[in-house]
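Everything on this sheet refers to the single structure shown next.
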Amino acid sequence: MKRTPIGVFDSGIGGLSILKALRTELPHEDFVYIADSGHAPYGERDDAHVIGRSRAITAHLRAEHGIKALVIACNTATAAAIHLLRQEHPTLPIVGVEPALKPALALSKTRRIGVMATRGTLGSAKFRALLESLAEQAEFVCQPCDGLADAIERQDTAKIIALCTYYTGAMGQFGPKEGEIDTLVLGCTHYPFASQHLSRLAGPAVGLIDNGEPVARQTRRLLPTLSPDATPGHCVLLTTGERKALQNAAQHWLALDCPVESLLED
Ligand code: DGL
């Protein structure tokens, strides 16, 4: 039986945090990852831009790679486009990612939960509906983090630290006591790559949560077929931006040493 890959995309390197969880959960599957760095960041652009990019990438992954499932490894693109992609590709299993508010509720004792995400995610109808459905169970302090995904994309450590300091400061007091934020949701797939700084700033009593593992488990559940053999899966990495940036990030965060190809667009 032929091995068919799973397609994964994000506006850039952030979705590698999801790919990491996917490779752990599904070690025998092949993956094709597209970093749309040439059109990033998504989080500060309008829906039309994000929807257009999501459509073009999905069409490419189907036509050129014959993917058997799609993982939208981006909160912003999920919020803007998953409903349209599901309508337009009814036979393709599509998994998205959204800020982990429910897992945060299960963890928080102070019932004060911080949510860091892009402006696009926090302003979306999908996120507002999720927030409203849980609003009575805790107080969610939502912080749009303009520029943070871009700084992570560029691996600009000084800027990453400055922005993390500014945004955590703006959210209020972190800690285990009543009235303090004891759980911080990383609602953008880029932010786990800044978690060392965020955890230092929030302090040891604060739990950081992202959705990598639940997304990987959901992908396994939705897969129409599992890989027929038990050899390790392969990854193909593609980018619409700079190859070196994706290659370095994949090496650094996933110990993934594979060549990165440029995705040339018409
Ligand atoms: N990584 C993306 C997300 O999860 C967005 C980053 C961006 O391009 O703004 O929302």
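Each chain of the structure tokens is named A, B, ... in the order shown, its residues numbered from 1; ligands are numbered from 1 in display order.
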
Review point. Which residues form the shell of 6 Å around ligand 1 when you count only C-alpha atoms and all ligand atoms, given as a list in words?
Key: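 These are the residues that qualify: Asp10, Ser11, Gly14, Ala40, Pro41, Tyr42, Gly43, Cys74, Asn75, Thr76, Thr118, Ala149, Cys188, Thr189 and His190 of chain A.
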
Residue subset to file, keeping N, CA, C and O atoms, as an mmCIF file, in the first residue's frame:
```cif
data_model
loop_
_atom_site.group_PDB
_atom_site.id
_atom_site.type_symbol
_atom_site.label_atom_id
_atom_site.label_comp_id
_atom_site.auth_asym_id
_atom_site.auth_seq_id
_atom_site.Cartn_x
_atom_site.Cartn_y
_atom_site.Cartn_z
ATOM 1 N N ASP A 10 1.365 26.458 8.497
ATOM 2 C CA ASP A 10 1.276 27.613 9.404
ATOM 3 C C ASP A 10 1.788 28.818 8.613
ATOM 4 O O ASP A 10 2.339 28.671 7.515
ATOM 5 N N SER A 11 1.644 29.993 9.212
ATOM 6 C CA SER A 11 2.191 31.194 8.572
ATOM 7 C C SER A 11 3.717 31.172 8.567
ATOM 8 O O SER A 11 4.332 31.990 7.891
ATOM 9 N N GLY A 14 5.994 28.567 13.415
ATOM 10 C CA GLY A 14 5.221 28.253 14.617
ATOM 11 C C GLY A 14 4.613 26.859 14.601
ATOM 12 O O GLY A 14 4.626 26.146 15.606
ATOM 13 N N ALA A 40 3.674 36.030 5.905
ATOM 14 C CA ALA A 40 3.427 36.169 7.344
ATOM 15 C C ALA A 40 3.700 37.624 7.763
ATOM 16 O O ALA A 40 4.362 38.354 7.028
ATOM 17 N N PRO A 41 3.268 38.015 8.946
ATOM 18 C CA PRO A 41 2.414 37.242 9.859
ATOM 19 C C PRO A 41 0.952 37.279 9.438
ATOM 20 O O PRO A 41 0.515 38.220 8.786
ATOM 21 N N TYR A 42 0.229 36.232 9.811
ATOM 22 C CA TYR A 42 -1.209 36.180 9.522
ATOM 23 C C TYR A 42 -1.998 36.991 10.569
ATOM 24 O O TYR A 42 -3.048 37.534 10.272
ATOM 25 N N GLY A 43 -1.494 37.012 11.785
ATOM 26 C CA GLY A 43 -2.280 37.482 12.924
ATOM 27 C C GLY A 43 -2.647 38.948 12.899
ATOM 28 O O GLY A 43 -3.552 39.370 13.607
ATOM 29 N N CYS A 74 -2.122 26.471 12.951
ATOM 30 C CA CYS A 74 -2.137 27.918 13.143
ATOM 31 C C CYS A 74 -3.499 28.313 13.698
ATOM 32 O O CYS A 74 -4.534 28.025 13.074
ATOM 33 N N ASN A 75 -3.503 28.941 14.864
ATOM 34 C CA ASN A 75 -4.768 29.372 15.471
ATOM 35 C C ASN A 75 -5.485 30.397 14.598
ATOM 36 O O ASN A 75 -6.701 30.369 14.456
ATOM 37 N N THR A 76 -4.703 31.318 14.038
ATOM 38 C CA THR A 76 -5.293 32.409 13.254
ATOM 39 C C THR A 76 -5.973 31.878 11.993
ATOM 40 O O THR A 76 -7.103 32.264 11.665
ATOM 41 N N THR A 118 -2.841 35.966 18.759
ATOM 42 C CA THR A 118 -2.762 37.077 17.804
ATOM 43 C C THR A 118 -4.069 37.871 17.857
ATOM 44 O O THR A 118 -5.109 37.372 18.299
ATOM 45 N N ALA A 149 4.848 36.917 17.184
ATOM 46 C CA ALA A 149 5.076 35.813 16.229
ATOM 47 C C ALA A 149 6.177 36.208 15.241
ATOM 48 O O ALA A 149 7.047 35.398 14.895
ATOM 49 N N CYS A 188 -1.100 30.829 20.227
ATOM 50 C CA CYS A 188 -0.509 30.987 18.890
ATOM 51 C C CYS A 188 0.599 29.953 18.830
ATOM 52 O O CYS A 188 1.358 29.799 19.805
ATOM 53 N N THR A 189 0.684 29.238 17.722
ATOM 54 C CA THR A 189 1.632 28.114 17.679
ATOM 55 C C THR A 189 3.095 28.561 17.687
ATOM 56 O O THR A 189 3.987 27.747 17.907
ATOM 57 N N HIS A 190 3.341 29.837 17.473
ATOM 58 C CA HIS A 190 4.717 30.337 17.606
ATOM 59 C C HIS A 190 5.167 30.432 19.075
ATOM 60 O O HIS A 190 6.347 30.327 19.370
#
```

Check your understanding: Within 7 Å of Ala79 of chain A, counting only C-alpha atoms, which residues qualify if same-chain residues fewer than 4 places away don't, as an MDAnalysis selection string?
Key -> chainID A and resid 75 121 124 126

Practice item. Identify, on the basis of only C-alpha atoms, every residue whose closest approach to segment 239-247 of chain A does not exceed 10 Å; exclude the query and any residue fewer than 6 positions from it along the same chain; express the result as an MDAnalysis selection string. Key: chainID A and resid 9:14 16 33:40 153:155 256:265

Could you write those residues out with C-alpha atoms, as an mmCIF file, in the first residue's frame?
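Listed below is the output, out_30.cif:
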```cif
data_model
loop_
_atom_site.group_PDB
_atom_site.id
_atom_site.type_symbol
_atom_site.label_atom_id
_atom_site.label_comp_id
_atom_site.auth_asym_id
_atom_site.auth_seq_id
_atom_site.Cartn_x
_atom_site.Cartn_y
_atom_site.Cartn_z
ATOM 1 C CA PHE A 9 0.755 24.397 7.477
ATOM 2 C CA ASP A 10 1.276 27.613 9.404
ATOM 3 C CA SER A 11 2.191 31.194 8.572
ATOM 4 C CA GLY A 12 5.797 30.255 9.384
ATOM 5 C CA ILE A 13 7.854 28.223 11.833
ATOM 6 C CA GLY A 14 5.221 28.253 14.617
ATOM 7 C CA LEU A 16 6.622 23.184 14.000
ATOM 8 C CA TYR A 33 4.963 20.961 6.204
ATOM 9 C CA ILE A 34 4.455 24.358 4.572
ATOM 10 C CA ALA A 35 5.714 27.502 6.312
ATOM 11 C CA ASP A 36 4.041 30.448 4.592
ATOM 12 C CA SER A 37 6.725 32.827 5.823
ATOM 13 C CA GLY A 38 6.604 34.845 2.606
ATOM 14 C CA HIS A 39 3.072 35.936 3.549
ATOM 15 C CA ALA A 40 3.427 36.169 7.344
ATOM 16 C CA GLU A 153 9.933 33.983 13.173
ATOM 17 C CA ARG A 154 13.071 36.128 12.915
ATOM 18 C CA GLN A 155 14.646 34.542 16.010
ATOM 19 C CA LEU A 256 14.940 17.426 12.261
ATOM 20 C CA ASP A 257 17.684 17.446 9.731
ATOM 21 C CA CYS A 258 16.078 17.498 6.337
ATOM 22 C CA PRO A 259 16.497 19.830 3.396
ATOM 23 C CA VAL A 260 14.024 22.681 3.042
ATOM 24 C CA GLU A 261 12.619 23.403 -0.389
ATOM 25 C CA SER A 262 11.314 26.705 -1.694
ATOM 26 C CA LEU A 263 7.693 26.735 -2.645
ATOM 27 C CA LEU A 264 7.634 28.785 -5.792
ATOM 28 C CA GLU A 265 4.344 30.452 -6.516
#
```

I'd like the neighbourhood of Asp182 of chain A as an mmCIF file with N, CA and C atoms, in the first residue's frame, where a residue qualifies if any of its atoms comes within 9 Å (using only C-alpha atoms), though same-chain residues fewer than 4 positions away should be ignored.
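Everything below was put into selection.cif:
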```
data_model
loop_
_atom_site.group_PDB
_atom_site.id
_atom_site.type_symbol
_atom_site.label_atom_id
_atom_site.label_comp_id
_atom_site.auth_asym_id
_atom_site.auth_seq_id
_atom_site.Cartn_x
_atom_site.Cartn_y
_atom_site.Cartn_z
ATOM 1 N N LEU A 107 -7.042 23.062 34.798
ATOM 2 C CA LEU A 107 -5.807 23.220 35.573
ATOM 3 C C LEU A 107 -5.864 24.359 36.594
ATOM 4 N N SER A 108 -6.608 25.404 36.255
ATOM 5 C CA SER A 108 -6.544 26.630 37.054
ATOM 6 C C SER A 108 -7.274 26.490 38.398
ATOM 7 N N LYS A 109 -6.608 26.945 39.441
ATOM 8 C CA LYS A 109 -7.259 26.950 40.763
ATOM 9 C C LYS A 109 -7.782 28.347 41.094
ATOM 10 N N THR A 110 -7.073 29.384 40.607
ATOM 11 C CA THR A 110 -7.503 30.754 40.925
ATOM 12 C C THR A 110 -8.657 31.199 40.019
ATOM 13 N N ARG A 111 -8.919 30.430 38.964
ATOM 14 C CA ARG A 111 -9.960 30.753 37.969
ATOM 15 C C ARG A 111 -9.666 32.077 37.274
ATOM 16 N N ARG A 112 -8.423 32.437 37.230
ATOM 17 C CA ARG A 112 -8.001 33.598 36.450
ATOM 18 C C ARG A 112 -6.950 33.078 35.469
ATOM 19 N N ILE A 113 -7.298 33.155 34.171
ATOM 20 C CA ILE A 113 -6.498 32.485 33.144
ATOM 21 C C ILE A 113 -6.044 33.507 32.103
ATOM 22 N N GLY A 114 -4.773 33.530 31.812
ATOM 23 C CA GLY A 114 -4.249 34.436 30.782
ATOM 24 C C GLY A 114 -4.291 33.759 29.417
ATOM 25 N N PHE A 174 0.752 37.511 38.116
ATOM 26 C CA PHE A 174 0.765 36.046 37.956
ATOM 27 C C PHE A 174 1.118 35.395 39.285
ATOM 28 N N GLY A 175 0.522 34.253 39.580
ATOM 29 C CA GLY A 175 0.884 33.524 40.794
ATOM 30 C C GLY A 175 -0.238 32.621 41.251
ATOM 31 N N PRO A 176 -0.026 31.936 42.364
ATOM 32 C CA PRO A 176 -1.008 30.933 42.817
ATOM 33 C C PRO A 176 -2.087 31.498 43.752
ATOM 34 N N LYS A 177 -1.958 32.801 44.122
ATOM 35 C CA LYS A 177 -2.898 33.344 45.113
ATOM 36 C C LYS A 177 -4.202 33.813 44.447
ATOM 37 N N ALA A 202 6.428 34.634 34.145
ATOM 38 C CA ALA A 202 5.188 34.337 34.878
ATOM 39 C C ALA A 202 5.486 33.723 36.238
ATOM 40 N N ALA A 205 4.931 29.128 39.650
ATOM 41 C CA ALA A 205 3.605 28.611 40.045
ATOM 42 C C ALA A 205 2.618 28.619 38.876
ATOM 43 N N VAL A 206 3.041 29.150 37.729
ATOM 44 C CA VAL A 206 2.094 29.326 36.616
ATOM 45 C C VAL A 206 2.290 28.235 35.551
ATOM 46 N N GLY A 207 1.187 27.590 35.199
ATOM 47 C CA GLY A 207 1.237 26.541 34.170
ATOM 48 C C GLY A 207 1.045 27.145 32.786
ATOM 49 N N LEU A 208 1.896 26.741 31.838
ATOM 50 C CA LEU A 208 1.768 27.190 30.450
ATOM 51 C C LEU A 208 1.113 26.067 29.649
#
```

Practice item. Check the smallest atom-to-atom distance from each of A:Leu92, A:Cys145, A:Ile209, A:Leu131 to Pro192 of chain A using only C-alpha atoms, then report the winner. Key: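 The answer is A:Ile209, which sits nearest to Pro192 of chain A.
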
Exercise for review: Find, counting only C-alpha atoms, the residue in A:Arg45, A:Met116, A:Pro204, A:Val236 that gets nearest to Tyr191 of chain A.
Suggested key: A:Met116

Practice item. Can you work out which one of A:Gly212, A:Pro228, A:Gly203, A:Gly172 has the shortest atom-to-atom distance to Val97 of chain A, counting only C-alpha atoms? Key: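 Once distances to Val97 of chain A are computed over only C-alpha atoms, the minimum belongs to A:Gly212.
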
Review point. Between A:Ala63, A:Ile51, A:Ala135, A:Val215, which is the closest to Leu84 of chain A once you count only C-alpha atoms?
Key: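 Checking each of A:Ala63, A:Ile51, A:Ala135, A:Val215 against Leu84 of chain A, counting only C-alpha atoms, the winner is A:Ile51.
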
Exercise for review: Output as a ChimeraX atom specification all residues of segment 7-256 of chain A that backbone DSSP marks as helix (DSSP H, G or I).
Suggested key: /A:16-25,37-39,47-65,75-88,101-107,119-122,125-134,148-153,157-171,191-202,212-222,243-254

Practice item. Determine which residues of segment 24-266 of chain A DSSP labels as strand (DSSP E) from the backbone of this structure, then write them out as a PyMOL selection string. Key: chain A and resi 31-35+69-72+94-95+112-117+139-144+183-186+207-209+235-239+260-262

Kindly export the residues of the current selection with N, CA, C and O atoms, as a compact mmCIF listing (two decimals), in the first residue's frame.
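Below is the file selection_16.txt, written as the result:
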```txt
# COMPACT_ATOMS: atom_id res chain seq x y z
N PHE A 31 4.97 13.44 6.65
CA PHE A 31 4.37 14.78 6.75
C PHE A 31 4.95 15.71 5.68
O PHE A 31 6.14 15.62 5.37
N VAL A 32 4.10 16.57 5.15
CA VAL A 32 4.56 17.68 4.31
C VAL A 32 4.19 18.96 5.05
O VAL A 32 3.01 19.19 5.33
N TYR A 33 5.20 19.74 5.42
CA TYR A 33 4.96 20.96 6.20
C TYR A 33 5.21 22.19 5.33
O TYR A 33 6.27 22.30 4.69
N ILE A 34 4.25 23.09 5.30
CA ILE A 34 4.45 24.36 4.57
C ILE A 34 4.48 25.52 5.57
O ILE A 34 3.53 25.73 6.33
N ALA A 35 5.59 26.26 5.55
CA ALA A 35 5.71 27.50 6.31
C ALA A 35 5.46 28.64 5.32
O ALA A 35 6.23 28.83 4.39
N ALA A 69 -4.86 13.90 4.95
CA ALA A 69 -5.47 14.72 6.01
C ALA A 69 -4.71 16.03 6.07
O ALA A 69 -3.56 16.11 5.62
N LEU A 70 -5.37 17.05 6.63
CA LEU A 70 -4.73 18.37 6.74
C LEU A 70 -4.78 18.83 8.19
O LEU A 70 -5.83 18.75 8.84
N VAL A 71 -3.64 19.31 8.68
CA VAL A 71 -3.61 19.92 10.01
C VAL A 71 -3.29 21.41 9.83
O VAL A 71 -2.22 21.76 9.30
N ILE A 72 -4.22 22.26 10.22
CA ILE A 72 -3.97 23.70 10.17
C ILE A 72 -3.27 24.04 11.49
O ILE A 72 -3.91 24.17 12.53
N ILE A 94 -9.88 17.42 8.25
CA ILE A 94 -9.15 18.66 8.55
C ILE A 94 -9.18 18.89 10.06
O ILE A 94 -10.25 18.92 10.66
N VAL A 95 -8.00 19.05 10.63
CA VAL A 95 -7.88 19.31 12.08
C VAL A 95 -7.33 20.73 12.24
O VAL A 95 -6.38 21.10 11.56
N ARG A 112 -8.42 32.44 37.23
CA ARG A 112 -8.00 33.60 36.45
C ARG A 112 -6.95 33.08 35.47
O ARG A 112 -5.89 32.59 35.89
N ILE A 113 -7.30 33.15 34.17
CA ILE A 113 -6.50 32.49 33.14
C ILE A 113 -6.04 33.51 32.10
O ILE A 113 -6.87 34.27 31.58
N GLY A 114 -4.77 33.53 31.81
CA GLY A 114 -4.25 34.44 30.78
C GLY A 114 -4.29 33.76 29.42
O GLY A 114 -4.06 32.56 29.31
N VAL A 115 -4.60 34.53 28.39
CA VAL A 115 -4.62 33.99 27.03
C VAL A 115 -3.81 34.91 26.13
O VAL A 115 -4.19 36.07 25.91
N MET A 116 -2.69 34.43 25.64
CA MET A 116 -1.89 35.21 24.69
C MET A 116 -2.17 34.65 23.29
O MET A 116 -2.10 33.45 23.07
N ALA A 117 -2.50 35.52 22.36
CA ALA A 117 -2.80 35.06 20.99
C ALA A 117 -2.65 36.24 20.04
O ALA A 117 -2.38 37.37 20.48
N GLU A 139 -12.29 33.74 34.82
CA GLU A 139 -12.05 35.02 34.15
C GLU A 139 -10.86 34.84 33.21
O GLU A 139 -9.79 34.37 33.63
N PHE A 140 -11.07 35.17 31.95
CA PHE A 140 -10.01 35.03 30.97
C PHE A 140 -9.44 36.41 30.65
O PHE A 140 -10.19 37.31 30.25
N VAL A 141 -8.14 36.57 30.83
CA VAL A 141 -7.49 37.84 30.52
C VAL A 141 -6.81 37.66 29.16
O VAL A 141 -5.81 36.97 29.02
N CYS A 142 -7.43 38.26 28.13
CA CYS A 142 -6.96 38.02 26.75
C CYS A 142 -6.01 39.13 26.31
O CYS A 142 -6.35 40.30 26.38
N GLN A 143 -4.85 38.73 25.82
CA GLN A 143 -3.83 39.70 25.43
C GLN A 143 -3.42 39.51 23.97
O GLN A 143 -2.78 38.52 23.64
N PRO A 144 -3.79 40.44 23.07
CA PRO A 144 -3.25 40.37 21.71
C PRO A 144 -1.76 40.69 21.74
O PRO A 144 -1.35 41.65 22.40
N THR A 183 -2.60 30.30 35.24
CA THR A 183 -2.51 29.45 34.05
C THR A 183 -2.43 30.37 32.83
O THR A 183 -3.21 31.32 32.72
N LEU A 184 -1.48 30.07 31.96
CA LEU A 184 -1.28 30.94 30.79
C LEU A 184 -1.41 30.10 29.51
O LEU A 184 -0.65 29.15 29.29
N VAL A 185 -2.39 30.46 28.69
CA VAL A 185 -2.64 29.74 27.44
C VAL A 185 -1.81 30.37 26.32
O VAL A 185 -1.90 31.58 26.09
N LEU A 186 -1.02 29.55 25.66
CA LEU A 186 -0.25 30.03 24.51
C LEU A 186 -1.10 29.78 23.26
O LEU A 186 -1.09 28.70 22.67
N GLY A 207 1.19 27.59 35.20
CA GLY A 207 1.24 26.54 34.17
C GLY A 207 1.04 27.15 32.79
O GLY A 207 0.16 27.98 32.58
N LEU A 208 1.90 26.74 31.84
CA LEU A 208 1.77 27.19 30.45
C LEU A 208 1.11 26.07 29.65
O LEU A 208 1.52 24.91 29.77
N ILE A 209 0.13 26.43 28.83
CA ILE A 209 -0.60 25.38 28.11
C ILE A 209 -0.66 25.68 26.63
O ILE A 209 -0.97 26.80 26.22
N CYS A 235 9.71 13.59 6.60
CA CYS A 235 9.13 14.94 6.55
C CYS A 235 9.67 15.67 5.34
O CYS A 235 10.87 15.60 5.04
N VAL A 236 8.79 16.37 4.67
CA VAL A 236 9.20 17.30 3.62
C VAL A 236 8.86 18.69 4.15
O VAL A 236 7.74 18.92 4.62
N LEU A 237 9.84 19.58 4.12
CA LEU A 237 9.62 20.94 4.62
C LEU A 237 9.67 21.92 3.46
O LEU A 237 10.64 21.93 2.68
N LEU A 238 8.65 22.73 3.34
CA LEU A 238 8.58 23.71 2.25
C LEU A 238 8.33 25.09 2.84
O LEU A 238 7.65 25.21 3.85
N THR A 239 8.85 26.10 2.17
CA THR A 239 8.58 27.46 2.65
C THR A 239 8.39 28.43 1.49
O THR A 239 9.00 28.26 0.43
N VAL A 260 15.23 21.87 3.20
CA VAL A 260 14.02 22.68 3.04
C VAL A 260 13.95 23.14 1.59
O VAL A 260 14.94 23.61 1.03
N GLU A 261 12.78 22.97 1.00
CA GLU A 261 12.62 23.40 -0.39
C GLU A 261 11.80 24.69 -0.45
O GLU A 261 10.94 24.92 0.39
N SER A 262 12.10 25.48 -1.49
CA SER A 262 11.31 26.71 -1.69
C SER A 262 10.04 26.35 -2.42
O SER A 262 10.05 25.57 -3.38
```

Point to revise | Shell around Lys20 of chain A at 10 Å using only C-alpha atoms, local window under 2 positions removed, as an MDAnalysis selection string | key: chainID A and resid 15:18 22:26 212:213 216 250 253:256

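If only C-alpha atoms are the atoms counted, then among A:Ile161, A:Glu136, A:Asp210, A:Gly52 the closest residue to Glu98 of chain A is A:Asp210.
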
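Computed from the coordinates, the atom CA of Pro214 of chain A to atom CA of His65 of chain A distance equals 25.0 Å.
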
Check your understanding: Between A:Gly66, A:Gly120, A:Gly147, A:Pro99, which has the minimum distance to Gly187 of chain A (counting only C-alpha atoms)?
Key -> A:Pro99

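In this structure, atom CA of Val8 of chain A sits 8.7 Å away from atom CA of Leu61 of chain A.
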
Check your understanding: Between atom CA of Asp46 of chain A and atom CA of Phe193 of chain A, what is the distance, to one decimal in Å?
Key ->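 Straight-line distance from atom CA of Asp46 of chain A to atom CA of Phe193 of chain A works out to 24.6 Å.
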